[in-house]
Structures are given as structure tokens and as C-alpha cells.
$ cat final-v4.cif   # mmCIF, C-alpha atoms
data_upload
#
loop_
_atom_site.label_atom_id
_atom_site.label_comp_id
_atom_site.auth_asym_id
_atom_site.auth_seq_id
_atom_site.Cartn_x
_atom_site.Cartn_y
_atom_site.Cartn_z
CA MET A 1 46.26 -98.36 57.20
CA HIS A 2 47.03 -102.02 57.83
CA ARG A 3 46.29 -104.68 55.22
CA THR A 4 43.73 -106.16 57.63
CA GLY A 5 42.13 -102.77 58.33
CA ALA A 6 41.42 -101.24 61.72
CA GLN A 7 42.77 -103.11 64.76
CA PHE A 8 40.55 -103.45 67.84
CA ARG A 9 42.55 -104.22 70.98
CA LEU A 10 40.88 -105.61 74.12
CA THR A 11 42.57 -106.08 77.49
CA CYS A 12 41.61 -107.63 80.80
CA GLY A 13 44.42 -108.11 83.32
CA PRO A 14 47.19 -110.08 81.53
CA GLN A 15 44.90 -110.99 78.62
CA THR A 16 45.09 -109.26 75.23
CA VAL A 17 42.83 -109.85 72.23
CA VAL A 18 43.11 -108.14 68.84
CA VAL A 19 40.27 -108.27 66.32
CA VAL A 20 40.53 -106.81 62.82
CA GLU A 21 38.20 -104.99 60.46
CA LEU A 22 38.86 -107.41 57.58
CA GLY A 23 36.27 -110.14 57.97
CA GLY A 24 35.90 -109.37 61.70
CA ALA A 25 38.66 -111.92 62.27
CA LEU A 26 40.34 -112.83 65.55
CA ARG A 27 43.98 -111.89 64.96
CA HIS A 28 45.57 -112.38 68.39
CA TYR A 29 44.91 -113.75 71.87
CA SER A 30 47.56 -113.99 74.56
CA VAL A 31 47.85 -114.19 78.33
CA ALA A 32 50.98 -112.26 79.37
CA GLU A 33 53.74 -113.75 77.16
CA ARG A 34 51.82 -116.96 76.45
CA LEU A 35 50.20 -117.23 73.03
CA ILE A 36 46.70 -118.75 73.13
CA VAL A 37 45.65 -118.31 69.49
CA ASP A 38 48.04 -118.87 66.59
CA GLY A 39 46.99 -115.85 64.57
CA PHE A 40 48.62 -113.43 62.14
CA ASP A 41 50.27 -110.02 62.00
CA ALA A 42 48.32 -106.91 61.09
CA ASP A 43 49.88 -106.69 57.61
CA ASP A 44 50.00 -110.42 56.87
CA PRO A 45 47.68 -112.12 54.39
CA ILE A 46 45.18 -114.31 56.25
CA GLU A 47 45.98 -117.92 55.34
CA GLY A 48 44.02 -121.08 56.08
CA GLY A 49 40.93 -119.27 57.38
CA ARG A 50 42.96 -118.15 60.40
CA GLY A 51 40.59 -116.58 62.96
CA GLN A 52 37.95 -115.79 60.34
CA LEU A 53 34.17 -115.60 60.73
CA LEU A 54 32.45 -118.11 58.45
CA LEU A 55 28.97 -117.10 57.32
CA PRO A 56 26.45 -117.61 55.85
CA TRP A 57 27.90 -121.12 55.90
CA PRO A 58 30.94 -122.77 57.46
CA ASN A 59 32.96 -125.52 55.82
CA ARG A 60 32.13 -126.70 52.28
CA ILE A 61 29.29 -126.82 49.77
CA GLY A 62 29.98 -129.31 46.99
CA ASP A 63 30.33 -127.65 43.57
CA GLY A 64 28.95 -124.49 45.21
CA ARG A 65 25.55 -125.62 43.96
CA TYR A 66 22.40 -126.09 46.01
CA ARG A 67 18.62 -126.10 45.63
CA TRP A 68 16.50 -123.81 47.79
CA GLN A 69 12.72 -123.50 47.61
CA GLY A 70 12.65 -124.80 44.06
CA ARG A 71 15.53 -122.63 42.82
CA GLU A 72 18.91 -123.89 41.64
CA LEU A 73 21.60 -121.57 43.00
CA GLN A 74 25.32 -121.38 42.21
CA LEU A 75 27.89 -119.94 44.63
CA PRO A 76 31.47 -118.99 43.73
CA VAL A 77 33.76 -122.02 43.84
CA ASN A 78 36.77 -120.86 45.87
CA GLU A 79 38.26 -124.21 46.92
CA THR A 80 39.15 -124.93 43.33
CA GLU A 81 41.21 -128.07 43.93
CA HIS A 82 38.08 -129.82 45.22
CA ALA A 83 35.42 -127.79 43.37
CA ASN A 84 33.78 -126.56 46.59
CA ALA A 85 32.45 -123.25 47.87
CA ILE A 86 34.11 -122.85 51.26
CA HIS A 87 33.59 -120.75 54.41
CA GLY A 88 30.95 -118.28 53.35
CA LEU A 89 30.88 -114.82 51.80
CA LEU A 90 32.03 -112.37 54.48
CA ARG A 91 35.68 -113.25 55.11
CA TRP A 92 37.02 -110.48 52.88
CA THR A 93 34.53 -107.73 53.69
CA SER A 94 34.77 -104.80 56.10
CA TRP A 95 33.19 -105.22 59.54
CA GLN A 96 32.60 -101.91 61.33
CA ALA A 97 32.84 -101.34 65.08
CA VAL A 98 29.44 -100.29 66.44
CA GLU A 99 30.37 -100.61 70.14
CA GLN A 100 33.82 -100.52 71.72
CA ALA A 101 35.21 -100.57 75.26
CA GLU A 102 38.35 -101.79 77.00
CA ARG A 103 37.11 -105.38 77.33
CA ARG A 104 34.56 -105.59 74.53
CA VAL A 105 33.99 -104.79 70.88
CA VAL A 106 30.98 -105.37 68.63
CA LEU A 107 31.48 -105.45 64.86
CA ALA A 108 28.67 -105.43 62.31
CA THR A 109 28.17 -105.87 58.59
CA THR A 110 25.45 -106.47 56.01
CA LEU A 111 25.24 -109.39 53.61
CA TRP A 112 23.41 -108.04 50.58
CA PRO A 113 21.48 -110.21 48.10
CA GLN A 114 23.80 -111.38 45.33
CA PRO A 115 24.17 -114.08 42.67
CA GLY A 116 24.15 -117.49 44.30
CA TYR A 117 22.86 -116.09 47.59
CA PRO A 118 19.86 -113.82 46.92
CA PHE A 119 19.13 -113.27 50.62
CA HIS A 120 19.55 -110.29 52.92
CA LEU A 121 21.17 -110.63 56.36
CA VAL A 122 22.65 -108.31 58.97
CA ALA A 123 25.35 -109.79 61.19
CA ARG A 124 27.10 -108.83 64.44
CA ALA A 125 30.11 -110.34 66.17
CA GLU A 126 30.81 -109.49 69.80
CA TYR A 127 34.20 -110.25 71.38
CA ALA A 128 34.38 -109.87 75.15
CA LEU A 129 37.02 -110.54 77.81
CA ASP A 130 36.58 -111.27 81.49
CA ARG A 131 38.78 -112.94 84.08
CA HIS A 132 37.73 -116.39 82.81
CA GLY A 133 38.74 -115.79 79.18
CA MET A 134 37.19 -114.71 75.91
CA THR A 135 33.57 -115.05 74.75
CA VAL A 136 32.47 -114.65 71.12
CA THR A 137 28.81 -114.16 70.20
CA ILE A 138 27.87 -114.15 66.50
CA THR A 139 24.33 -113.10 65.61
CA ALA A 140 22.60 -112.86 62.25
CA ARG A 141 19.09 -111.69 61.39
CA ASN A 142 17.22 -112.36 58.18
CA VAL A 143 15.96 -108.94 57.09
CA GLY A 144 14.64 -110.25 53.79
CA ASP A 145 11.11 -111.45 53.02
CA THR A 146 11.87 -115.11 52.26
CA PRO A 147 13.48 -117.93 54.27
CA ALA A 148 17.27 -117.98 53.86
CA PRO A 149 19.76 -120.83 54.23
CA TYR A 150 22.14 -119.90 57.02
CA GLY A 151 24.99 -121.45 58.95
CA VAL A 152 27.90 -119.96 60.84
CA GLY A 153 31.27 -120.88 62.29
CA GLN A 154 34.67 -119.49 63.17
CA HIS A 155 38.21 -120.71 62.48
CA PRO A 156 40.62 -120.11 65.41
CA TYR A 157 43.90 -122.03 65.63
CA LEU A 158 44.88 -122.92 69.20
CA ALA A 159 48.54 -122.59 70.12
CA VAL A 160 50.19 -124.82 72.73
CA ALA A 161 53.99 -125.10 72.91
CA PRO A 162 55.93 -126.97 71.61
CA ARG A 163 54.79 -125.70 68.24
CA THR A 164 53.79 -128.99 66.66
CA VAL A 165 50.46 -130.74 66.99
CA ASP A 166 51.90 -134.25 67.37
CA GLY A 167 52.53 -134.04 71.11
CA MET A 168 49.42 -132.04 71.97
CA LEU A 169 46.79 -133.73 74.11
CA LEU A 170 43.34 -133.42 72.53
CA THR A 171 39.93 -134.01 74.10
CA VAL A 172 36.73 -133.79 72.00
CA PRO A 173 33.46 -134.56 73.83
CA ALA A 174 31.66 -135.97 70.78
CA ARG A 175 29.79 -139.22 70.20
CA THR A 176 29.63 -138.90 66.40
CA TRP A 177 31.94 -137.91 63.57
CA LEU A 178 31.18 -137.21 59.90
CA ARG A 179 33.05 -139.42 57.48
CA THR A 180 33.89 -137.48 54.31
CA ASP A 181 35.07 -138.19 50.79
CA ASP A 182 38.31 -136.90 49.27
CA ARG A 183 36.64 -133.53 48.66
CA GLY A 184 35.79 -133.05 52.34
CA LEU A 185 32.06 -133.66 51.76
CA PRO A 186 30.14 -135.87 54.21
CA VAL A 187 29.12 -139.38 53.19
CA ALA A 188 28.09 -140.85 56.57
CA SER A 189 27.67 -140.13 60.28
CA GLU A 190 29.41 -142.72 62.44
CA PRO A 191 30.00 -143.30 66.16
CA VAL A 192 33.47 -142.31 67.34
CA ALA A 193 33.65 -145.27 69.72
CA GLY A 194 36.31 -147.75 68.65
CA THR A 195 37.72 -145.48 65.92
CA PRO A 196 40.86 -143.32 65.71
CA ASN A 197 38.52 -140.31 66.02
CA ASP A 198 37.56 -141.13 69.60
CA PHE A 199 39.07 -138.33 71.69
CA GLY A 200 36.60 -138.69 74.54
CA ALA A 201 39.55 -139.02 76.89
CA PRO A 202 42.67 -136.87 76.41
CA ARG A 203 45.35 -138.42 74.23
CA PRO A 204 48.17 -137.23 71.98
CA ILE A 205 47.27 -136.38 68.40
CA GLY A 206 50.46 -138.08 67.23
CA PRO A 207 50.74 -138.43 63.44
CA GLN A 208 46.96 -138.49 62.94
CA ARG A 209 45.63 -136.16 60.24
CA LEU A 210 42.38 -134.47 61.17
CA ASP A 211 40.06 -132.33 59.08
CA THR A 212 37.05 -133.79 60.77
CA ALA A 213 33.60 -132.63 61.86
CA PHE A 214 32.23 -133.91 65.16
CA THR A 215 28.71 -133.67 66.58
CA ASP A 216 26.37 -135.22 69.15
CA LEU A 217 28.37 -133.35 71.77
CA ARG A 218 28.44 -134.19 75.47
CA ARG A 219 27.62 -131.04 77.39
CA GLU A 220 28.36 -130.05 80.94
CA ALA A 221 25.84 -128.82 83.52
CA ASP A 222 26.10 -125.26 82.16
CA GLY A 223 25.17 -126.46 78.66
CA ARG A 224 28.65 -126.06 77.22
CA ALA A 225 30.68 -128.71 75.42
CA VAL A 226 34.43 -128.33 75.97
CA VAL A 227 37.21 -129.20 73.52
CA ARG A 228 40.53 -129.22 75.36
CA ILE A 229 44.04 -128.78 73.98
CA ALA A 230 46.96 -129.31 76.38
CA GLU A 231 50.74 -129.48 76.13
CA PRO A 232 52.28 -132.97 76.48
CA SER A 233 52.63 -132.97 80.27
CA GLY A 234 49.08 -131.72 80.72
CA ALA A 235 50.31 -128.85 82.89
CA TYR A 236 48.69 -126.11 80.82
CA GLY A 237 46.46 -125.61 77.82
CA CYS A 238 43.14 -124.08 76.90
CA ASP A 239 39.50 -125.06 76.69
CA LEU A 240 37.44 -124.02 73.69
CA TRP A 241 33.82 -124.20 74.80
CA LEU A 242 30.80 -124.50 72.55
CA GLY A 243 27.61 -122.82 73.72
CA GLU A 244 24.33 -121.74 72.16
CA GLY A 245 23.97 -122.70 68.50
CA ALA A 246 27.30 -124.56 68.32
CA ASP A 247 26.17 -128.11 67.58
CA PHE A 248 29.20 -129.14 65.51
CA VAL A 249 32.95 -128.67 65.78
CA GLN A 250 35.61 -129.16 63.10
CA VAL A 251 39.11 -130.14 64.20
CA PHE A 252 41.90 -129.48 61.67
CA THR A 253 45.55 -130.36 62.21
CA GLY A 254 46.74 -128.15 59.36
CA ASP A 255 48.27 -130.86 57.18
CA THR A 256 47.42 -129.05 53.93
CA LEU A 257 48.84 -125.69 55.02
CA PRO A 258 52.16 -124.42 53.65
CA GLU A 259 55.20 -124.13 55.89
CA PRO A 260 55.71 -122.72 58.46
CA HIS A 261 52.05 -123.24 59.38
CA ARG A 262 51.76 -126.95 58.59
CA ARG A 263 50.81 -128.92 61.76
CA ARG A 264 51.94 -126.00 63.94
CA SER A 265 48.61 -125.50 65.73
CA VAL A 266 45.15 -127.05 65.83
CA ALA A 267 42.11 -125.32 64.37
CA VAL A 268 39.06 -125.96 66.54
CA GLU A 269 36.10 -124.53 64.65
CA PRO A 270 32.69 -124.07 66.34
CA MET A 271 29.92 -124.51 63.76
CA SER A 272 26.13 -124.37 63.74
CA CYS A 273 25.93 -127.04 61.04
CA GLY A 274 28.09 -129.63 59.34
CA PRO A 275 29.73 -129.53 55.92
CA ASP A 276 27.47 -129.38 52.85
CA ALA A 277 24.48 -128.46 55.02
CA PHE A 278 22.83 -126.32 52.31
CA ARG A 279 22.41 -129.55 50.34
CA CYS A 280 21.97 -132.25 52.99
CA ASP A 281 20.60 -130.60 56.17
CA THR A 282 18.23 -127.94 54.87
CA GLU A 283 15.90 -127.82 57.89
CA ARG A 284 18.79 -127.07 60.23
CA VAL A 285 19.95 -124.10 58.14
CA ARG A 286 16.52 -122.54 57.47
CA LEU A 287 16.31 -118.96 58.84
CA GLU A 288 12.84 -117.46 58.55
CA PRO A 289 12.20 -113.80 57.64
CA GLY A 290 12.76 -111.64 60.72
CA ALA A 291 14.34 -114.53 62.64
CA ARG A 292 17.64 -114.28 64.46
CA HIS A 293 20.33 -116.94 64.93
CA THR A 294 23.02 -116.87 67.62
CA LEU A 295 26.19 -118.91 67.96
CA GLN A 296 28.31 -118.50 71.08
CA TRP A 297 31.70 -119.95 71.90
CA GLY A 298 34.76 -119.01 73.90
CA ILE A 299 38.25 -119.83 75.08
CA ALA A 300 39.34 -120.36 78.69
CA PRO A 301 43.14 -120.64 79.09
CA TRP A 302 44.45 -122.60 82.06
CA PRO A 303 46.17 -122.30 84.46
CA GLY A 304 47.20 -118.77 85.34
CA ARG A 305 44.42 -116.66 83.85
#

$ encode --input "final-v4.cif" --output "C-alpha cells"
Amino acid sequence: MHRTGAQFRLTCGPQTVVVVELGGALRHYSVAERLIVDGFDADDPIEGGRGQLLLPWPNRIGDGRYRWQGRELQLPVNETEHANAIHGLLRWTSWQAVEQAERRVVLATTLWPQPGYPFHLVARAEYALDRHGMTVTITARNVGDTPAPYGVGQHPYLAVAPRTVDGMLLTVPARTWLRTDDRGLPVASEPVAGTPNDFGAPRPIGPQRLDTAFTDLRREADGRAVVRIAEPSGAYGCDLWLGEGADFVQVFTGDTLPEPHRRRSVAVEPMSCGPDAFRCDTERVRLEPGARHTLQWGIAPWPGR
């Protein structure tokens, strides 16, 4: 038995994806010998949220404390240096395969009512490969009898050689970024135009430190917004697209990670809501009894799929 549980391997032509039982995380994605996702080994501890599913909230909740329908609720504070609750409650639980084929796997789990989150959800994560790349569809349904606060995201790190973020070309099709305090909690929404956070056209990341949420995304004709990472010459890279339910994206250059992970790859995190949404964006995160929420995103490597 691996430390990350059962390993679910998907293949399509030269593409290989590995998903793990622990947290339903994305462990590996490659095309032939080219690494697309900077993941982890089957017996490694998962550091920095690497590939993990983030629900029932992505990002941070200040002090882990929020008010919901007249109740004061307290979540576990697991980002202790900043006194935040971070990245949800299902990262360290077992996700079971309910469907599996050569190019597709569906994992499922239940989030039971508990202190700080007295709500009842069932969740599914589908990973699928085709000739264009990988698609991830994360669905949750409120099976309780009261409205629940709910948000979702995922935390893949994109790998483009050379293995440092400084020379990578980054494109983020966003009009707005969320300015945060020193705890990573939002204090204002601001236009990206004229700021160092304007990546509307591809440019090197350079020494810039990013742990930044973007929104107000420009979408293409198919409804997808595309974040692009490319190697310095622009000859190859990958597109992370944001589809249904993915209204925010967090870009993280890994400055706070220990070596050898520090600034080695860029986390591009699709999210349904921004940081601290349980406290400051309650209508967006409201999931009614019996209602279902879907977030879809994917990765398209180029060229040579």
C-alpha cells in the first residue's frame, strides 16, 4: 500500500495521468517524456497542496471563523502562521473509485456534518483524457436539509523546463485581481491594467512573487478562459483552461515552499470563489438543499499532443 493510497493510471496515446486515493489528488501528468504537472511520487508526503482537491472551500478563511444563517462557526485553523483555515476538509480523506476505464476515472467521497461545518455533501471528481489533453470535472451535491456554504478548487503545479519560474512566459486573461493583506486575505478588488499583475499579454514572470487571485476573466468563444504557461522561447508549454463554475484563478509562484520546490513550477488553481468567500461573498457560495455545483477545468499541452 502506498502512502497516497491506490493509484489510478490513465493513458491516451503518449499521455499518462496518475490520480491517487488520498484526497483524490492529481499526482502525475506527462506527454511521452515531457512532464506537464509537477507532482509527487506515490510514497511522498503531499506538500504545498500539490494536485489536491480543495473543497468545501479553496484558499483561506480568516481565523477559520464565519457566520452562516445566524450561527457562528469555527473551522480548524491549519495555516497556523497566518491563523487561517486553508483549502477545505477533504485533502486527507480517502476518495474511492466508482468508475474506471483506460482514459477515465471517477472518484467519490462524502463530507459528513462535523464541528465547524455541520453540512452534508457528496462529491465526485472525474479525470478524463482525450487527444486534446485532460479534463477534470468536480461535482458536489448538498444532501442535507439546509443551505450550505460551498466553494471548490484544485491545486496543480504546471511544469515547464527549465525548472525555475523566472523565465516562464505567463498569460492570465483577467481584468481584475484581489489585493490581499499579509495573511493572504482580500482587502480590495482592483483592475490589473497598469499594475505588475497585468499578464493579459504573455511576459516572463521574472522575480515577481505571486500568490494572487484573479477574476473577471476574458473567455473565448467556447466559454473557456485560458491561462498559458510557456518556456522562454515560446516554443512549447501548456494551457490550463477554466470552464463551468471556474470564475477565479489563483496563481502561485511557490516562494514560500521549501527547497527543492521553491519557485520550481507555477501553481495555477481554478476556483469557484475567491479567498475568504465564506465571510465576504456568501451569496456566491450558497448551495441549496438538493442542489448540485460543478466546476470544470483542464490542461491542453502544446505542441505535440

$ residues_near_point --input "final-v4.cif" --point "(31.9, -121.3, 51.6)" --cutoff "9 Å" --atoms "only C-alpha atoms" --output "compact mmCIF listing (two decimals) with C-alpha atoms, in the coordinates of the input"
# COMPACT_ATOMS: atom_id res chain seq x y z
CA LEU A 54 32.45 -118.11 58.45
CA LEU A 55 28.97 -117.10 57.32
CA PRO A 56 26.45 -117.61 55.85
CA TRP A 57 27.90 -121.12 55.90
CA PRO A 58 30.94 -122.77 57.46
CA ASN A 59 32.96 -125.52 55.82
CA ARG A 60 32.13 -126.70 52.28
CA ILE A 61 29.29 -126.82 49.77
CA GLY A 64 28.95 -124.49 45.21
CA LEU A 75 27.89 -119.94 44.63
CA PRO A 76 31.47 -118.99 43.73
CA VAL A 77 33.76 -122.02 43.84
CA ASN A 78 36.77 -120.86 45.87
CA GLU A 79 38.26 -124.21 46.92
CA ASN A 84 33.78 -126.56 46.59
CA ALA A 85 32.45 -123.25 47.87
CA ILE A 86 34.11 -122.85 51.26
CA HIS A 87 33.59 -120.75 54.41
CA GLY A 88 30.95 -118.28 53.35
CA LEU A 89 30.88 -114.82 51.80

$ axis_aligned_box --input "final-v4.cif" --around "region 236-245 of chain A" --padding-each-side "4 Å" --output "lines of an AutoDock Vina configuration file"
center_x = 36.3
center_y = -123.9
center_z = 74.7
size_x = 32.7
size_y = 12.4
size_z = 20.3

$ atom_distance --input "final-v4.cif" --atom1 "CA of Ala97 (chain A)" --atom2 "CA of Tyr157 (chain A)"
23.5 Å

$ atom_distance --input "final-v4.cif" --atom1 "CA of Phe278 (chain A)" --atom2 "CA of Leu73 (chain A)"
10.5 Å

$ closest_residue --input "final-v4.cif" --among "A:Tyr117, A:Trp112, A:Tyr236, A:Tyr127" --to "Val143 (chain A)" --atoms "all atoms listed in the file"
A:Trp112

$ resolve_selection --input "final-v4.cif" --expression "the PyMOL selection byres ((chain A and resi 282) around 12)" --output "PDB file with C-alpha atoms, keeping the file's coordinate frame"
ATOM      1  CA  TRP A  57      27.900-121.120  55.900  1.00  0.00           C
ATOM      2  CA  TYR A  66      22.400-126.090  46.010  1.00  0.00           C
ATOM      3  CA  ARG A  67      18.620-126.100  45.630  1.00  0.00           C
ATOM      4  CA  TRP A  68      16.500-123.810  47.790  1.00  0.00           C
ATOM      5  CA  GLN A  69      12.720-123.500  47.610  1.00  0.00           C
ATOM      6  CA  PRO A 147      13.480-117.930  54.270  1.00  0.00           C
ATOM      7  CA  ALA A 148      17.270-117.980  53.860  1.00  0.00           C
ATOM      8  CA  PRO A 149      19.760-120.830  54.230  1.00  0.00           C
ATOM      9  CA  TYR A 150      22.140-119.900  57.020  1.00  0.00           C
ATOM     10  CA  GLY A 151      24.990-121.450  58.950  1.00  0.00           C
ATOM     11  CA  CYS A 273      25.930-127.040  61.040  1.00  0.00           C
ATOM     12  CA  GLY A 274      28.090-129.630  59.340  1.00  0.00           C
ATOM     13  CA  PRO A 275      29.730-129.530  55.920  1.00  0.00           C
ATOM     14  CA  ASP A 276      27.470-129.380  52.850  1.00  0.00           C
ATOM     15  CA  ALA A 277      24.480-128.460  55.020  1.00  0.00           C
ATOM     16  CA  PHE A 278      22.830-126.320  52.310  1.00  0.00           C
ATOM     17  CA  ARG A 279      22.410-129.550  50.340  1.00  0.00           C
ATOM     18  CA  CYS A 280      21.970-132.250  52.990  1.00  0.00           C
ATOM     19  CA  ASP A 281      20.600-130.600  56.170  1.00  0.00           C
ATOM     20  CA  GLU A 283      15.900-127.820  57.890  1.00  0.00           C
ATOM     21  CA  ARG A 284      18.790-127.070  60.230  1.00  0.00           C
ATOM     22  CA  VAL A 285      19.950-124.100  58.140  1.00  0.00           C
ATOM     23  CA  ARG A 286      16.520-122.540  57.470  1.00  0.00           C
ATOM     24  CA  LEU A 287      16.310-118.960  58.840  1.00  0.00           C
TER      25      LEU A 287
END

$ residues_near_point --input "final-v4.cif" --point "(39.4, -128.4, 65.6)" --cutoff "8 Å" --atoms "all atoms listed in the file" --output "ChimeraX atom specification"
/A:157,211-212,249-253,266-269

$ residues_around --input "final-v4.cif" --residues "Arg263 (chain A)" --least-positions-apart "4" --cutoff "8 Å" --atoms "only C-alpha atoms" --output "list in words"
Thr164, Val165, Asp166, Thr253, Gly254, Asp255 and Leu257 of chain A

$ write_last_selection --input "final-v4.cif" --atoms "C-alpha atoms" --output "PDB file, keeping the file's coordinate frame"
ATOM      1  CA  THR A 164      53.790-128.990  66.660  1.00  0.00           C
ATOM      2  CA  VAL A 165      50.460-130.740  66.990  1.00  0.00           C
ATOM      3  CA  ASP A 166      51.900-134.250  67.370  1.00  0.00           C
ATOM      4  CA  THR A 253      45.550-130.360  62.210  1.00  0.00           C
ATOM      5  CA  GLY A 254      46.740-128.150  59.360  1.00  0.00           C
ATOM      6  CA  ASP A 255      48.270-130.860  57.180  1.00  0.00           C
ATOM      7  CA  LEU A 257      48.840-125.690  55.020  1.00  0.00           C
TER       8      LEU A 257
END

$ resolve_selection --input "final-v4.cif" --expression "the PyMOL selection byres ((chain A and resi 189-199) around 7)" --output "list in words"
Leu170, Thr171, Val172, Arg175, Thr176, Trp177, Leu178, Arg179, Ala188, Gly200, Ala201, Pro202 and Arg203 of chain A

$ write_last_selection --input "final-v4.cif" --atoms "C-alpha atoms" --output "CSV table (one decimal), in the coordinates of the input"
chain,number,residue,atom,x,y,z
A,170,LEU,CA,43.3,-133.4,72.5
A,171,THR,CA,39.9,-134.0,74.1
A,172,VAL,CA,36.7,-133.8,72.0
A,175,ARG,CA,29.8,-139.2,70.2
A,176,THR,CA,29.6,-138.9,66.4
A,177,TRP,CA,31.9,-137.9,63.6
A,178,LEU,CA,31.2,-137.2,59.9
A,179,ARG,CA,33.0,-139.4,57.5
A,188,ALA,CA,28.1,-140.8,56.6
A,200,GLY,CA,36.6,-138.7,74.5
A,201,ALA,CA,39.6,-139.0,76.9
A,202,PRO,CA,42.7,-136.9,76.4
A,203,ARG,CA,45.4,-138.4,74.2

$ atom_distance --input "final-v4.cif" --atom1 "CA of Asp239 (chain A)" --atom2 "CA of Ala128 (chain A)"
16.1 Å

$ resolve_selection --input "final-v4.cif" --expression "the PyMOL selection byres ((chain A and resi 109) around 12)" --output "ChimeraX atom specification"
/A:21-24,53,55,89-98,106-108,110-112,120-125,138-141

$ residues_around --input "final-v4.cif" --residues "Val17 (chain A)" --least-positions-apart "3" --cutoff "6 Å" --atoms "only C-alpha atoms" --output "number ranges by chain"
A: 9-10, 28-29

$ write_last_selection --input "final-v4.cif" --atoms "C-alpha atoms" --output "mmCIF file, in the coordinates of the input"
data_model
loop_
_atom_site.group_PDB
_atom_site.id
_atom_site.type_symbol
_atom_site.label_atom_id
_atom_site.label_comp_id
_atom_site.auth_asym_id
_atom_site.auth_seq_id
_atom_site.Cartn_x
_atom_site.Cartn_y
_atom_site.Cartn_z
ATOM 1 C CA ARG A 9 42.550 -104.220 70.980
ATOM 2 C CA LEU A 10 40.880 -105.610 74.120
ATOM 3 C CA HIS A 28 45.570 -112.380 68.390
ATOM 4 C CA TYR A 29 44.910 -113.750 71.870
#

$ closest_residue --input "final-v4.cif" --among "A:Ala213, A:Ala230, A:Val152, A:Ala235" --to "Leu295 (chain A)" --atoms "all atoms listed in the file"
A:Val152

$ residues_around --input "final-v4.cif" --residues "Glu126 (chain A)" --least-positions-apart "6" --cutoff "6 Å" --atoms "only C-alpha atoms" --output "VMD selection string"
chain A and resid 105 to 106 136 to 137

$ residues_around --input "final-v4.cif" --residues "Ser233 (chain A)" --least-positions-apart "4" --cutoff "12 Å" --atoms "only C-alpha atoms" --output "VMD selection string"
chain A and resid 160 to 162 167 to 169 202 to 204 229 237

$ residues_around --input "final-v4.cif" --residues "Asp41 (chain A)" --least-positions-apart "5" --cutoff "10 Å" --atoms "all atoms listed in the file" --output "CSV table (one decimal) with C-alpha atoms, in the frame of the given file"
chain,number,residue,atom,x,y,z
A,2,HIS,CA,47.0,-102.0,57.8
A,3,ARG,CA,46.3,-104.7,55.2
A,4,THR,CA,43.7,-106.2,57.6
A,27,ARG,CA,44.0,-111.9,65.0
A,28,HIS,CA,45.6,-112.4,68.4
A,46,ILE,CA,45.2,-114.3,56.2

$ closest_residue --input "final-v4.cif" --among "A:Asp247, A:Glu259, A:Asp44, A:Glu99" --to "Gly153 (chain A)" --atoms "only C-alpha atoms"
A:Asp247

$ decode --input "final-v4.cif" --residues "region 27-38 of chain A" --atoms "N, CA, C and O atoms" --output "compact mmCIF listing (two decimals), in the first residue's frame"
# COMPACT_ATOMS: atom_id res chain seq x y z
N ARG A 27 -1.59 13.31 -9.18
CA ARG A 27 -0.19 13.06 -8.83
C ARG A 27 0.76 13.30 -9.99
O ARG A 27 1.89 13.77 -9.80
N HIS A 28 0.32 12.98 -11.22
CA HIS A 28 1.25 12.97 -12.35
C HIS A 28 0.50 13.22 -13.64
O HIS A 28 -0.62 12.74 -13.82
N TYR A 29 1.13 14.01 -14.53
CA TYR A 29 0.64 14.16 -15.90
C TYR A 29 1.85 14.39 -16.79
O TYR A 29 2.64 15.31 -16.56
N SER A 30 2.01 13.53 -17.79
CA SER A 30 3.12 13.67 -18.73
C SER A 30 2.65 13.35 -20.13
O SER A 30 1.64 12.66 -20.33
N VAL A 31 3.39 13.87 -21.11
CA VAL A 31 3.21 13.51 -22.51
C VAL A 31 4.55 12.95 -22.97
O VAL A 31 5.54 13.70 -23.05
N ALA A 32 4.59 11.64 -23.24
CA ALA A 32 5.85 10.94 -23.52
C ALA A 32 6.81 11.23 -22.36
O ALA A 32 6.47 10.99 -21.21
N GLU A 33 7.99 11.77 -22.64
CA GLU A 33 8.97 12.05 -21.58
C GLU A 33 8.83 13.44 -21.00
O GLU A 33 9.58 13.83 -20.10
N ARG A 34 7.88 14.21 -21.49
CA ARG A 34 7.74 15.61 -21.07
C ARG A 34 6.77 15.71 -19.90
O ARG A 34 5.62 15.28 -19.99
N LEU A 35 7.24 16.29 -18.81
CA LEU A 35 6.41 16.45 -17.62
C LEU A 35 5.52 17.68 -17.80
O LEU A 35 5.99 18.77 -18.12
N ILE A 36 4.21 17.51 -17.57
CA ILE A 36 3.25 18.60 -17.69
C ILE A 36 2.89 19.16 -16.32
O ILE A 36 2.79 20.37 -16.14
N VAL A 37 2.69 18.27 -15.35
CA VAL A 37 2.37 18.66 -13.98
C VAL A 37 3.52 18.28 -13.07
O VAL A 37 4.03 17.16 -13.14
N ASP A 38 3.95 19.22 -12.25
CA ASP A 38 4.99 18.98 -11.25
C ASP A 38 4.32 18.39 -10.02
O ASP A 38 3.79 19.11 -9.18
